[in-house]
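Trainee: So I've got this file, entry-v7.cif, and it contains mmCIF, C-alpha atoms and all ligand atoms:
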```cif
data_model
#
loop_
_atom_site.label_atom_id
_atom_site.label_comp_id
_atom_site.auth_asym_id
_atom_site.auth_seq_id
_atom_site.Cartn_x
_atom_site.Cartn_y
_atom_site.Cartn_z
CA VAL T 24 66.11 4.24 72.88
CA THR T 25 67.80 6.40 70.25
CA VAL T 26 69.50 9.69 71.06
CA GLY T 27 70.78 12.16 68.48
CA ALA T 28 73.33 14.96 68.87
CA VAL T 29 72.61 17.88 66.56
CA ARG T 30 75.04 20.40 65.11
CA GLU T 31 74.90 23.64 67.13
CA ARG T 32 73.53 26.55 65.09
CA ALA T 33 74.29 29.54 67.34
CA PRO T 34 76.82 31.90 65.74
CA GLY T 35 80.34 31.23 67.00
CA GLU T 36 79.31 28.09 68.89
CA ARG T 37 81.92 25.37 68.29
CA ARG T 38 80.92 22.90 70.99
CA VAL T 39 79.08 19.63 70.35
CA ALA T 40 76.85 17.68 72.73
CA LEU T 41 78.51 14.28 72.24
CA VAL T 42 82.14 13.41 71.54
CA PRO T 43 83.25 10.02 70.20
CA GLU T 44 84.29 8.62 73.63
CA ALA T 45 80.74 9.37 74.88
CA VAL T 46 79.24 7.57 71.88
CA THR T 47 81.18 4.45 72.84
CA LEU T 48 79.95 4.64 76.43
CA LEU T 49 76.33 5.13 75.37
CA THR T 50 76.28 2.32 72.81
CA ARG T 51 77.83 0.03 75.42
CA ALA T 52 74.92 0.95 77.70
CA GLY T 53 72.50 -0.19 74.97
CA ILE T 54 71.62 3.32 73.74
CA ASP T 55 71.58 3.89 69.97
CA VAL T 56 73.37 7.08 68.97
CA LEU T 57 72.94 9.34 65.97
CA VAL T 58 75.13 12.36 65.27
CA GLU T 59 74.30 15.03 62.71
CA THR T 60 76.75 15.27 59.81
CA GLY T 61 79.54 17.72 60.66
CA ALA T 62 78.32 18.20 64.25
CA GLY T 63 81.78 17.74 65.79
CA SER T 64 83.89 19.65 63.30
CA GLY T 65 84.12 22.82 65.42
CA ALA T 66 85.61 20.75 68.23
CA TRP T 67 87.93 18.82 65.90
CA PHE T 68 85.94 15.57 65.79
CA THR T 69 85.30 14.16 62.33
CA ASP T 70 82.28 12.21 61.12
CA ALA T 71 84.59 9.22 60.73
CA ASP T 72 85.55 9.46 64.45
CA TYR T 73 81.87 9.20 65.37
CA THR T 74 81.19 6.32 62.99
CA GLU T 75 84.14 4.43 64.39
CA ALA T 76 82.82 4.98 67.92
CA GLY T 77 79.52 3.39 66.92
CA ALA T 78 77.25 6.30 65.99
CA GLY T 79 75.12 6.66 62.89
CA VAL T 80 76.17 9.91 61.20
CA VAL T 81 73.04 11.26 59.49
CA PRO T 82 71.64 14.51 58.08
CA ALA T 83 69.44 16.64 60.36
CA ASP T 84 66.06 15.55 58.95
CA GLU T 85 66.85 11.89 59.48
CA LEU T 86 68.07 12.60 63.01
CA TYR T 87 64.82 14.40 63.91
CA ALA T 88 62.80 11.56 62.39
CA ARG T 89 64.59 8.80 64.31
CA ALA T 90 65.77 10.20 67.66
CA ASP T 91 63.69 9.81 70.81
CA ALA T 92 65.88 12.38 72.52
CA VAL T 93 67.67 15.22 70.76
CA LEU T 94 70.87 16.34 72.49
CA CYS T 95 72.22 19.87 72.16
CA VAL T 96 74.53 22.24 74.03
CA GLY T 97 72.88 25.67 73.90
CA PRO T 98 69.23 26.60 73.32
CA PRO T 99 67.99 25.61 69.83
CA ASP T 100 67.40 28.13 67.05
CA ALA T 101 63.89 28.56 65.64
CA GLU T 102 64.44 26.05 62.84
CA THR T 103 65.70 23.34 65.19
CA ALA T 104 62.80 24.01 67.54
CA ARG T 105 60.34 23.63 64.63
CA SER T 106 61.91 20.31 63.62
CA LEU T 107 61.12 18.70 66.98
CA ARG T 108 57.96 16.65 67.18
CA ALA T 109 55.47 15.58 69.87
CA GLY T 110 56.82 12.79 72.04
CA GLN T 111 60.42 13.81 71.48
CA THR T 112 62.65 15.06 74.32
CA LEU T 113 65.14 17.89 73.94
CA ILE T 114 68.09 17.79 76.36
CA GLY T 115 70.59 20.64 76.75
CA LEU T 116 71.49 23.88 78.49
CA LEU T 117 68.20 25.42 77.37
CA GLU T 118 68.36 28.56 79.54
CA PRO T 119 64.65 28.37 80.40
CA LEU T 120 64.84 31.41 82.66
CA ARG T 121 66.17 33.50 79.79
CA HIS T 122 63.96 32.01 77.06
CA PRO T 123 60.75 30.99 78.84
CA ALA T 124 58.75 31.30 75.61
CA LEU T 125 60.81 28.62 73.84
CA VAL T 126 60.29 26.00 76.54
CA ARG T 127 56.58 26.89 76.78
CA GLU T 128 56.08 26.64 73.02
CA LEU T 129 57.81 23.27 72.86
CA ALA T 130 55.72 22.01 75.77
CA GLU T 131 52.54 23.09 73.99
CA ARG T 132 53.60 21.01 70.99
CA GLY T 133 54.21 17.96 73.17
CA VAL T 134 58.03 18.20 73.14
CA ARG T 135 59.55 17.49 76.56
CA THR T 136 62.47 19.63 77.61
CA VAL T 137 65.21 18.60 80.02
CA SER T 138 67.15 21.74 80.99
CA LEU T 139 70.53 20.87 82.40
CA ASP T 140 70.78 24.39 83.81
CA LEU T 141 68.09 23.47 86.35
CA LEU T 142 70.11 20.66 87.93
CA PRO T 143 70.24 20.90 91.75
CA ARG T 144 73.86 21.96 92.22
CA THR T 145 74.41 20.86 95.80
CA LEU T 146 73.05 17.31 95.42
CA SER T 147 76.09 15.02 95.37
CA ARG T 148 74.21 12.40 93.29
CA ALA T 149 73.87 14.97 90.53
CA GLN T 150 77.49 16.14 90.43
CA SER T 151 78.57 13.99 87.48
CA MET T 152 75.74 15.54 85.40
CA ASP T 153 76.54 19.12 86.34
CA ALA T 154 77.12 20.80 82.99
CA LEU T 155 77.03 24.32 84.44
CA THR T 156 80.01 23.33 86.56
CA SER T 157 81.92 21.64 83.74
CA GLN T 158 81.46 24.61 81.43
CA ALA T 159 82.19 27.21 84.13
CA ASN T 160 85.43 25.37 84.85
CA VAL T 161 86.52 25.82 81.25
CA ALA T 162 85.43 29.47 81.26
CA GLY T 163 87.37 30.25 84.46
CA TYR T 164 90.54 28.65 83.13
CA LYS T 165 90.27 30.42 79.80
CA ALA T 166 89.58 33.77 81.49
CA ALA T 167 92.86 33.58 83.41
CA VAL T 168 94.79 32.51 80.31
CA LEU T 169 93.20 35.33 78.27
CA ALA T 170 94.09 37.84 80.96
CA ALA T 171 97.69 36.63 81.02
CA ASP T 172 97.87 36.80 77.23
CA SER T 173 96.61 40.39 77.15
CA TYR T 174 98.90 41.54 79.97
CA ASP T 175 102.22 42.95 78.81
CA ARG T 176 104.12 41.83 81.89
CA PHE T 177 104.79 38.47 83.57
CA PHE T 178 102.31 36.78 85.89
CA PRO T 179 105.01 35.09 88.04
CA MET T 180 107.77 36.71 89.99
CA LEU T 181 110.90 36.16 87.92
CA THR T 182 114.44 36.47 89.10
CA THR T 183 116.69 36.86 86.11
CA ALA T 184 120.14 38.21 85.31
CA ALA T 185 118.39 41.48 84.52
CA GLY T 186 116.95 41.63 88.02
CA THR T 187 113.70 40.67 89.66
CA MET T 188 110.25 41.16 88.13
CA ARG T 189 107.39 41.53 90.57
CA PRO T 190 104.42 39.14 90.19
CA ALA T 191 101.07 40.32 88.80
CA GLN T 192 98.32 41.20 91.27
CA VAL T 193 95.07 39.52 90.25
CA LEU T 194 91.65 40.24 91.77
CA VAL T 195 88.86 37.72 91.14
CA LEU T 196 85.32 38.84 91.95
CA GLY T 197 82.80 36.02 92.38
CA ALA T 198 84.31 32.77 93.65
CA GLY T 199 81.88 30.17 92.29
CA VAL T 200 83.06 27.46 89.95
CA ALA T 201 84.47 29.77 87.26
CA GLY T 202 86.02 32.15 89.79
CA LEU T 203 87.74 29.34 91.68
CA GLN T 204 89.18 27.93 88.45
CA ALA T 205 90.37 31.41 87.44
CA ILE T 206 92.05 31.74 90.84
CA ALA T 207 93.70 28.31 90.55
CA THR T 208 94.91 29.03 87.02
CA ALA T 209 96.27 32.50 87.86
CA ARG T 210 98.05 30.97 90.86
CA ARG T 211 99.57 28.23 88.69
CA LEU T 212 100.91 30.98 86.47
CA GLY T 213 102.47 32.54 89.53
CA ALA T 214 100.26 35.59 90.14
CA VAL T 215 99.39 36.91 93.59
CA VAL T 216 95.62 36.47 93.81
CA THR T 217 92.95 38.12 95.94
CA ALA T 218 89.30 37.15 95.63
CA TYR T 219 85.89 38.12 96.90
CA ASP T 220 82.40 36.62 96.98
CA VAL T 221 79.22 37.59 98.82
CA ARG T 222 78.86 34.03 100.08
CA PRO T 223 81.10 33.99 103.18
CA GLU T 224 81.50 30.19 102.90
CA SER T 225 83.63 30.73 99.79
CA ARG T 226 86.43 32.13 101.96
CA GLY T 227 87.76 28.66 102.81
CA GLU T 228 87.74 27.62 99.16
CA VAL T 229 89.58 30.78 98.10
CA GLU T 230 92.19 30.37 100.82
CA SER T 231 92.72 26.68 100.05
CA LEU T 232 93.84 27.73 96.56
CA GLY T 233 96.51 29.99 98.02
CA ALA T 234 94.64 33.23 97.41
CA ARG T 235 93.70 35.93 99.92
CA PHE T 236 90.02 36.57 100.66
CA LEU T 237 89.21 40.26 100.45
CA ASP T 238 87.67 41.55 103.67
CA ILE T 239 84.87 43.84 102.70
CA GLN T 240 81.28 43.76 103.84
CA SER T 241 78.90 44.18 100.92
CA GLN T 242 75.63 43.06 102.42
CA ALA T 243 73.76 44.89 105.15
CA PRO T 244 74.96 43.78 108.62
CA GLY T 245 73.35 40.50 109.63
CA GLU T 246 71.99 39.78 106.13
CA PRO T 247 73.42 36.65 104.49
CA GLY T 248 74.81 36.93 100.96
CA ALA T 249 73.65 33.44 100.08
CA GLY T 250 70.24 32.75 98.63
CA GLN T 251 68.73 29.39 97.66
CA GLY T 252 70.41 26.23 96.36
CA GLY T 253 73.93 27.46 97.16
CA TYR T 254 73.54 30.48 94.88
CA ALA T 255 73.99 34.12 95.85
CA ARG T 256 70.98 36.36 96.36
CA GLU T 257 70.63 39.64 94.53
CA LEU T 258 71.96 42.49 96.69
CA THR T 259 69.75 45.52 97.21
CA GLU T 260 70.61 48.72 95.32
CA GLU T 261 72.06 50.19 98.50
CA GLU T 262 74.17 47.10 99.22
CA GLN T 263 75.46 47.11 95.64
CA ARG T 264 76.50 50.75 95.97
CA ALA T 265 78.34 50.01 99.21
CA GLN T 266 80.03 47.01 97.59
CA ARG T 267 81.22 49.02 94.60
CA ALA T 268 82.60 51.74 96.85
CA ALA T 269 84.45 49.16 98.98
CA LEU T 270 85.92 47.49 95.89
CA ASP T 271 87.11 50.67 94.15
CA ALA T 272 90.28 51.11 96.20
CA HIS T 273 91.31 47.48 95.66
CA ILE T 274 90.67 47.62 91.93
CA ALA T 275 92.91 50.67 91.55
CA ARG T 276 95.83 48.73 93.08
CA THR T 277 95.43 45.59 91.00
CA ASP T 278 96.87 44.65 87.58
CA ILE T 279 94.21 42.17 86.51
CA VAL T 280 90.54 41.98 87.45
CA ILE T 281 88.52 38.89 86.52
CA THR T 282 84.81 39.09 87.33
CA THR T 283 82.48 36.08 87.39
CA ALA T 284 79.55 37.14 89.61
CA GLN T 285 76.09 35.86 88.69
CA VAL T 286 72.72 35.60 90.36
CA PRO T 287 70.44 33.03 88.70
CA GLY T 288 67.64 34.52 86.65
CA ARG T 289 68.76 38.12 87.30
CA LYS T 290 70.96 40.50 85.44
CA PRO T 291 74.60 40.18 86.57
CA PRO T 292 75.46 42.42 89.53
CA SER T 293 77.37 45.57 88.64
CA LEU T 294 80.66 45.41 90.58
CA VAL T 295 83.21 47.51 88.72
CA THR T 296 82.27 51.06 87.74
CA ALA T 297 83.66 52.95 84.75
CA ALA T 298 85.37 55.26 87.27
CA ALA T 299 87.09 52.28 88.91
CA VAL T 300 88.38 51.12 85.51
CA ARG T 301 89.59 54.65 84.75
CA ALA T 302 91.54 54.65 88.00
CA MET T 303 93.49 51.50 87.05
CA LYS T 304 97.09 51.72 85.86
CA PRO T 305 97.87 51.69 82.12
CA GLY T 306 98.48 48.14 80.95
CA SER T 307 95.97 46.66 83.40
CA VAL T 308 93.50 44.07 82.12
CA VAL T 309 89.85 43.46 83.05
CA VAL T 310 88.07 40.28 81.97
CA ASP T 311 84.30 40.25 82.52
CA LEU T 312 83.00 36.71 82.37
CA ALA T 313 79.50 37.93 83.13
CA ALA T 314 79.36 40.25 80.09
CA SER T 315 75.96 39.80 78.45
CA ASP T 316 73.31 41.67 76.49
CA LEU T 317 71.86 42.67 79.86
CA GLY T 318 75.18 44.16 80.97
CA GLY T 319 77.91 42.48 82.98
CA ASN T 320 79.89 42.94 86.19
CA VAL T 321 81.96 45.71 84.60
CA GLU T 322 80.32 48.92 83.48
CA GLY T 323 80.52 49.26 79.69
CA SER T 324 81.77 45.73 78.94
CA GLU T 325 80.16 43.98 75.99
CA PRO T 326 80.15 40.26 75.19
CA ASP T 327 82.76 39.17 72.63
CA LYS T 328 84.34 42.60 72.57
CA THR T 329 87.79 43.78 73.64
CA ASP T 330 88.31 47.50 74.24
CA VAL T 331 91.59 49.22 74.92
CA LEU T 332 90.54 52.38 76.75
CA ASP T 333 92.27 55.77 76.48
CA ASN T 334 93.96 55.19 79.83
CA GLY T 335 95.60 52.00 78.53
CA VAL T 336 93.34 49.55 80.33
CA THR T 337 92.13 46.55 78.29
CA VAL T 338 88.54 45.52 79.00
CA ILE T 339 87.63 42.08 77.65
CA GLY T 340 83.93 41.30 77.58
CA ALA T 341 84.13 37.53 77.55
CA GLY T 342 81.56 35.92 75.35
CA ARG T 343 81.50 32.21 74.85
CA LEU T 344 84.67 31.11 76.61
CA PRO T 345 83.69 27.43 76.78
CA SER T 346 83.19 27.51 73.02
CA ALA T 347 86.68 29.00 72.64
CA MET T 348 88.00 25.73 74.12
CA ALA T 349 85.49 23.59 72.28
CA THR T 350 87.28 20.25 72.59
CA ALA T 351 87.72 20.33 76.37
CA ALA T 352 84.28 21.86 76.91
CA SER T 353 82.52 19.33 74.65
CA THR T 354 84.34 16.39 76.22
CA ALA T 355 83.28 17.46 79.71
CA TYR T 356 79.73 18.27 78.59
CA ALA T 357 79.37 14.89 76.86
CA ARG T 358 80.45 13.17 80.10
CA ASN T 359 77.69 15.06 81.90
CA LEU T 360 75.19 13.87 79.27
CA VAL T 361 76.35 10.25 79.59
CA ALA T 362 75.80 10.45 83.36
CA LEU T 363 72.37 12.01 82.82
CA LEU T 364 71.31 9.43 80.23
CA ARG T 365 72.46 6.61 82.50
CA HIS T 366 70.17 8.12 85.11
CA LEU T 367 67.20 8.54 82.77
CA VAL T 368 67.31 5.34 80.69
CA ARG T 369 65.77 2.31 82.36
CA ASP T 370 65.39 -1.03 80.58
CA GLY T 371 66.19 0.60 77.28
CA GLU T 372 63.54 3.34 77.64
CA LEU T 373 63.92 7.03 78.41
CA VAL T 374 61.96 7.50 81.63
CA LEU T 375 61.18 11.04 82.83
CA ASP T 376 59.93 10.28 86.30
CA PRO T 377 58.70 13.44 88.05
CA ALA T 378 58.91 11.62 91.38
CA ASP T 379 62.69 11.56 91.00
CA GLU T 380 64.27 14.66 92.56
CA ILE T 381 66.84 15.19 89.81
CA THR T 382 64.43 14.58 86.92
CA ALA T 383 61.75 16.81 88.43
CA ALA T 384 64.23 19.68 88.69
CA LEU T 385 65.42 19.22 85.11
CA LEU T 386 61.84 19.26 83.85
CA GLY T 387 61.41 22.62 85.57
CA GLU T 388 58.90 21.16 88.00
CA ALA T 389 60.78 21.88 91.23
CA SER T 390 63.50 24.27 90.24
CA PRO T 391 65.98 25.27 92.96
CA LYS T 392 66.63 28.40 90.90
CA GLY T 393 63.05 29.53 91.47
CA GLY T 394 62.18 28.60 87.90
CA ALA T 395 59.10 27.60 85.97
CA THR T 396 56.54 26.27 88.41
CA SER T 397 57.89 26.95 91.88
P1 LIG N 401 77.14 31.48 89.74
O1 LIG N 401 77.71 31.31 88.38
O2 LIG N 401 75.68 31.55 89.93
O3 LIG N 401 77.80 32.79 90.41
C1 LIG N 401 79.19 32.94 90.46
C2 LIG N 401 79.57 33.49 91.83
O4 LIG N 401 79.20 34.87 91.91
C3 LIG N 401 78.90 32.81 93.00
O5 LIG N 401 79.88 32.26 93.84
C4 LIG N 401 78.13 33.93 93.68
O6 LIG N 401 78.09 33.78 95.09
C5 LIG N 401 78.91 35.14 93.26
N1 LIG N 401 78.22 36.43 93.39
C6 LIG N 401 76.94 36.75 93.09
N2 LIG N 401 76.70 38.05 93.35
C7 LIG N 401 77.87 38.59 93.78
C8 LIG N 401 78.27 39.88 94.19
N3 LIG N 401 77.41 40.90 94.22
N4 LIG N 401 79.55 40.06 94.60
C9 LIG N 401 80.44 39.02 94.60
N5 LIG N 401 80.12 37.78 94.21
C10 LIG N 401 78.84 37.55 93.83
O7 LIG N 401 77.70 30.35 90.72
P2 LIG N 401 78.20 28.90 90.38
O8 LIG N 401 79.62 28.91 90.07
O9 LIG N 401 77.26 28.32 89.39
O10 LIG N 401 78.03 28.20 91.77
C11 LIG N 401 76.79 28.30 92.44
C12 LIG N 401 76.80 27.53 93.73
O11 LIG N 401 76.77 26.15 93.49
C13 LIG N 401 78.03 27.77 94.61
O12 LIG N 401 77.59 27.77 95.93
C14 LIG N 401 78.86 26.55 94.34
O13 LIG N 401 79.77 26.28 95.38
C15 LIG N 401 77.79 25.54 94.24
N6 LIG N 401 78.23 24.36 93.54
C16 LIG N 401 78.25 23.22 94.25
C17 LIG N 401 78.67 22.08 93.65
C18 LIG N 401 78.70 20.83 94.44
O14 LIG N 401 78.39 20.82 95.59
N7 LIG N 401 79.04 19.76 93.82
C19 LIG N 401 79.04 22.08 92.33
C20 LIG N 401 78.97 23.26 91.61
C21 LIG N 401 78.56 24.41 92.24
#
```
What is this structure when it is put down as structure tokens?
Mentor:
Amino acid sequence: VTVGAVRERAPGERRVALVPEAVTLLTRAGIDVLVETGAGSGAWFTDADYTEAGAGVVPADELYARADAVLCVGPPDAETARSLRAGQTLIGLLEPLRHPALVRELAERGVRTVSLDLLPRTLSRAQSMDALTSQANVAGYKAAVLAADSYDRFFPMLTTAAGTMRPAQVLVLGAGVAGLQAIATARRLGAVVTAYDVRPESRGEVESLGARFLDIQSQAPGEPGAGQGGYARELTEEEQRAQRAALDAHIARTDIVITTAQVPGRKPPSLVTAAAVRAMKPGSVVVDLAASDLGGNVEGSEPDKTDVLDNGVTVIGAGRLPSAMATAASTAYARNLVALLRHLVRDGELVLDPADEITAALLGEASPKGGATS
């Protein structure tokens, strides 16, 4: 079987699906690897690095002609999608819930799509393939570092000859993979961290990182905050209002707010109102990891945009944080792909067996996120 990693075409995207170390692992497993010319340059991998690792570095048209499976990071642009042919398989974070038309169109043309975003998250067998987790880890780390960089005071408590500086107070909303990494990173920098999630089971994880779990009740009494597959459910309008009101007082007292709350297939929950941001002290920093075209967790935040408001609060609408750390993100993503390909390739052939729980989910045939054909 031949797999080919294409150059990402999305604006600002610096990640690449395979890194040289992954090429070595795949070729050792009997998989032939192609890499598009220049594919790794955004993540500081040269064509020569790939050749040395055992890949054929080829132009796009040759890659599409020869690869059985095309590997990408984000969803393909229209031109890439057109280049795929019947019988070929496209593997990547294809965001099928956001772009259902793309996956449908490819399916109609006989192109199989394996969407890594549909991986069952709680299945331990699938953990090594979990690209959402590997990328969220990078995003959470970078969010904390960005917040620290934009904050004009120290994160840690410092005792110096000039006296003692108090530590920064950080509030992390949403304690999934990205939130937990943001908590851990802010703690390593010495901040005092408080966190909140609608899934009560996250309390233990927050506390084990040395952060305090915020005691507010956002869901109606007796209603669980968790939905399916370990994900949160969408709160009702009324619950969201109650949650925002409960959070307001805490936000006003905090120096840094990092928000990471998501509900699969829905627009991100609105957690921080414009009024709450206005009530923060000058010099405070808000990083919204959920910022998107659909809106984010923070009212008024926009992806890839930093605003310093009149009251001196900096609001950072995080865009592609994993891409901002392209080398680490690509290395982790490529490891996920190696694990996936080891799972899918049998006797030298790519086998997409719908009877296999992991494969079926990735094909969108039994999505735990309530996707395609559930
Ligand atoms: P996600 O990106 O979908 O959401 C981020 C967090 O936002 C979640 O923790 C969610 O509960 C929270 N959230 C949603 N609405 C909220 C609201 N209104 N207020 C506050 N918080 C809100 O989540 P994720 O990081 O992809 O993780 C999803 C699930 O998968 C979690 O349960 C995680 O523990 C689990 N997971 C398990 C494994 C594993 O078992 N190996 C690996 C990765 C993730």
Trainee: List as JSON lines every residue of chain T that is in contact with ligand LIG 401 (chain N), defined as an atom at most 8 Å from one of its atoms (using all atoms listed in the file), together with the nearest atom pair and the distance in Å rounded to one decimal, sorted by chain and then rising number.
Mentor:
```
{"residue": "T:Arg144", "atom": "CA", "partner": "N:LIG401", "partner_atom": "C16", "distance": 5.0}
{"residue": "T:Thr145", "atom": "CA", "partner": "N:LIG401", "partner_atom": "O14", "distance": 4.0}
{"residue": "T:Leu146", "atom": "CA", "partner": "N:LIG401", "partner_atom": "O14", "distance": 6.4}
{"residue": "T:Ser147", "atom": "CA", "partner": "N:LIG401", "partner_atom": "N7", "distance": 5.8}
{"residue": "T:Ala149", "atom": "CA", "partner": "N:LIG401", "partner_atom": "N7", "distance": 7.8}
{"residue": "T:Gln150", "atom": "CA", "partner": "N:LIG401", "partner_atom": "N7", "distance": 5.2}
{"residue": "T:Asp153", "atom": "CA", "partner": "N:LIG401", "partner_atom": "C20", "distance": 7.1}
{"residue": "T:Leu155", "atom": "CA", "partner": "N:LIG401", "partner_atom": "O9", "distance": 6.4}
{"residue": "T:Thr156", "atom": "CA", "partner": "N:LIG401", "partner_atom": "C20", "distance": 5.2}
{"residue": "T:Ala159", "atom": "CA", "partner": "N:LIG401", "partner_atom": "O8", "distance": 6.7}
{"residue": "T:Leu196", "atom": "CA", "partner": "N:LIG401", "partner_atom": "C9", "distance": 5.6}
{"residue": "T:Gly197", "atom": "CA", "partner": "N:LIG401", "partner_atom": "N5", "distance": 3.7}
{"residue": "T:Ala198", "atom": "CA", "partner": "N:LIG401", "partner_atom": "O5", "distance": 4.5}
{"residue": "T:Gly199", "atom": "CA", "partner": "N:LIG401", "partner_atom": "O5", "distance": 3.3}
{"residue": "T:Val200", "atom": "CA", "partner": "N:LIG401", "partner_atom": "O8", "distance": 3.7}
{"residue": "T:Ala201", "atom": "CA", "partner": "N:LIG401", "partner_atom": "O8", "distance": 5.7}
{"residue": "T:Gly202", "atom": "CA", "partner": "N:LIG401", "partner_atom": "C2", "distance": 6.9}
{"residue": "T:Tyr219", "atom": "CA", "partner": "N:LIG401", "partner_atom": "C9", "distance": 6.0}
{"residue": "T:Asp220", "atom": "CA", "partner": "N:LIG401", "partner_atom": "N5", "distance": 3.8}
{"residue": "T:Val221", "atom": "CA", "partner": "N:LIG401", "partner_atom": "C9", "distance": 4.6}
{"residue": "T:Arg222", "atom": "CA", "partner": "N:LIG401", "partner_atom": "O6", "distance": 5.1}
{"residue": "T:Ser225", "atom": "CA", "partner": "N:LIG401", "partner_atom": "O5", "distance": 7.2}
{"residue": "T:Ser241", "atom": "CA", "partner": "N:LIG401", "partner_atom": "N4", "distance": 7.6}
{"residue": "T:Gly248", "atom": "CA", "partner": "N:LIG401", "partner_atom": "O6", "distance": 7.4}
{"residue": "T:Ala249", "atom": "CA", "partner": "N:LIG401", "partner_atom": "O6", "distance": 6.7}
{"residue": "T:Gly252", "atom": "CA", "partner": "N:LIG401", "partner_atom": "O11", "distance": 7.0}
{"residue": "T:Gly253", "atom": "CA", "partner": "N:LIG401", "partner_atom": "O12", "distance": 3.9}
{"residue": "T:Tyr254", "atom": "CA", "partner": "N:LIG401", "partner_atom": "C12", "distance": 4.5}
{"residue": "T:Ala255", "atom": "CA", "partner": "N:LIG401", "partner_atom": "O6", "distance": 4.2}
{"residue": "T:Arg256", "atom": "CA", "partner": "N:LIG401", "partner_atom": "N2", "distance": 6.7}
{"residue": "T:Glu257", "atom": "CA", "partner": "N:LIG401", "partner_atom": "N2", "distance": 6.4}
{"residue": "T:Leu258", "atom": "CA", "partner": "N:LIG401", "partner_atom": "N3", "distance": 6.2}
{"residue": "T:Gln263", "atom": "CA", "partner": "N:LIG401", "partner_atom": "N3", "distance": 6.7}
{"residue": "T:Gln266", "atom": "CA", "partner": "N:LIG401", "partner_atom": "N3", "distance": 7.5}
{"residue": "T:Thr283", "atom": "CA", "partner": "N:LIG401", "partner_atom": "C1", "distance": 5.5}
{"residue": "T:Ala284", "atom": "CA", "partner": "N:LIG401", "partner_atom": "O4", "distance": 3.3}
{"residue": "T:Gln285", "atom": "CA", "partner": "N:LIG401", "partner_atom": "O3", "distance": 3.9}
{"residue": "T:Val286", "atom": "CA", "partner": "N:LIG401", "partner_atom": "O2", "distance": 5.0}
{"residue": "T:Pro287", "atom": "CA", "partner": "N:LIG401", "partner_atom": "O2", "distance": 5.6}
{"residue": "T:Pro291", "atom": "CA", "partner": "N:LIG401", "partner_atom": "N2", "distance": 7.4}
{"residue": "T:Pro292", "atom": "CA", "partner": "N:LIG401", "partner_atom": "N3", "distance": 5.3}
{"residue": "T:Ser293", "atom": "CA", "partner": "N:LIG401", "partner_atom": "N3", "distance": 7.3}
{"residue": "T:Leu294", "atom": "CA", "partner": "N:LIG401", "partner_atom": "N3", "distance": 6.6}
```
Trainee: Between atom CA of T:Gln111 and atom CA of T:Ala78, what is the spacing in Å?
Mentor: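 We find that atom CA of T:Ala78 and atom CA of T:Gln111 lie 19.2 Å from each other.
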Trainee: At what distance in Å, to one decimal, does atom CA of T:Leu367 lie from atom CA of T:Leu48?
Mentor: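 These two atoms are separated by 14.8 Å.
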Trainee: Please provide as a PyMOL selection string all residues within 12 Å of stretch 57-71 of chain T, with the sequence filter that same-chain residues fewer than 5 positions apart are discarded (counting all atoms listed in the file).
Mentor: chain T and resi 24-32+34-47+49-50+76-96+345-354+357
Trainee: What does the distance between atom CA of T:Asp172 and atom CA of T:Tyr356 come to in Å, to one decimal place?
Mentor: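 Computing it gives 26.0 Å between the two atoms.
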Trainee: Fewer than 4 positions away in the same chain doesn't count, so skip those; otherwise give me all residues within 9 Å of T:Tyr164, counting all atoms listed in the file, as a PDB file with C-alpha atoms, in the coordinates of the input.
Mentor:
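Ended up saving to selection-v4.pdb:
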```
ATOM      1  CA  ALA T 159      82.190  27.210  84.130  1.00  0.00           C
ATOM      2  CA  ASN T 160      85.430  25.370  84.850  1.00  0.00           C
ATOM      3  CA  VAL T 168      94.790  32.510  80.310  1.00  0.00           C
ATOM      4  CA  LEU T 169      93.200  35.330  78.270  1.00  0.00           C
ATOM      5  CA  ALA T 201      84.470  29.770  87.260  1.00  0.00           C
ATOM      6  CA  GLY T 202      86.020  32.150  89.790  1.00  0.00           C
ATOM      7  CA  GLN T 204      89.180  27.930  88.450  1.00  0.00           C
ATOM      8  CA  ALA T 205      90.370  31.410  87.440  1.00  0.00           C
ATOM      9  CA  ILE T 206      92.050  31.740  90.840  1.00  0.00           C
ATOM     10  CA  ALA T 207      93.700  28.310  90.550  1.00  0.00           C
ATOM     11  CA  THR T 208      94.910  29.030  87.020  1.00  0.00           C
ATOM     12  CA  ALA T 209      96.270  32.500  87.860  1.00  0.00           C
TER      13      ALA T 209
END
```
Trainee: Taking into account all atoms listed in the file, which residue in the set T:Ile281, T:Leu363, T:Ala191, T:Ala302 is nearest to T:Ala218?
Mentor: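 Of T:Ile281, T:Leu363, T:Ala191, T:Ala302, the one nearest T:Ala218, counting all atoms listed in the file, is T:Ile281.
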Trainee: Find, counting all atoms listed in the file, the residue in T:Ala299, T:Ala171, T:Val215, T:Val229 that gets nearest to T:Arg189.
Mentor: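 The closest residue to T:Arg189 is T:Val215.
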Trainee: Near T:Asp100, within 8 Å and counting all atoms listed in the file, which residues show up once chain neighbours fewer than 3 positions away are dropped, as a list in words?
Mentor: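 Here the answer would be Arg32, Ala33, Thr103 and Ala104 of chain T.
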Trainee: Hey, which of T:Arg267, T:His273, T:Arg121, T:Arg105 ends up closest to T:Ser315? Count all atoms listed in the file.
Mentor: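 Under the stated criterion, the closest residue is T:Arg121.
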Trainee: Please build the interface table for stretch 317-361 of chain T against stretch 174-181 of chain T with a cut-off of 12 Å, listing for each qualifying residue the nearest atom pair and the distance in Å to one decimal; count only C-alpha atoms, order rows by chain and increasing number, and write it as JSON lines.
Mentor:
```
{"residue": "T:Val331", "atom": "CA", "partner": "T:Tyr174", "partner_atom": "CA", "distance": 11.7}
{"residue": "T:Gly335", "atom": "CA", "partner": "T:Tyr174", "partner_atom": "CA", "distance": 11.1}
{"residue": "T:Val336", "atom": "CA", "partner": "T:Tyr174", "partner_atom": "CA", "distance": 9.8}
{"residue": "T:Thr337", "atom": "CA", "partner": "T:Tyr174", "partner_atom": "CA", "distance": 8.6}
{"residue": "T:Val338", "atom": "CA", "partner": "T:Tyr174", "partner_atom": "CA", "distance": 11.1}
{"residue": "T:Ile339", "atom": "CA", "partner": "T:Tyr174", "partner_atom": "CA", "distance": 11.5}
```
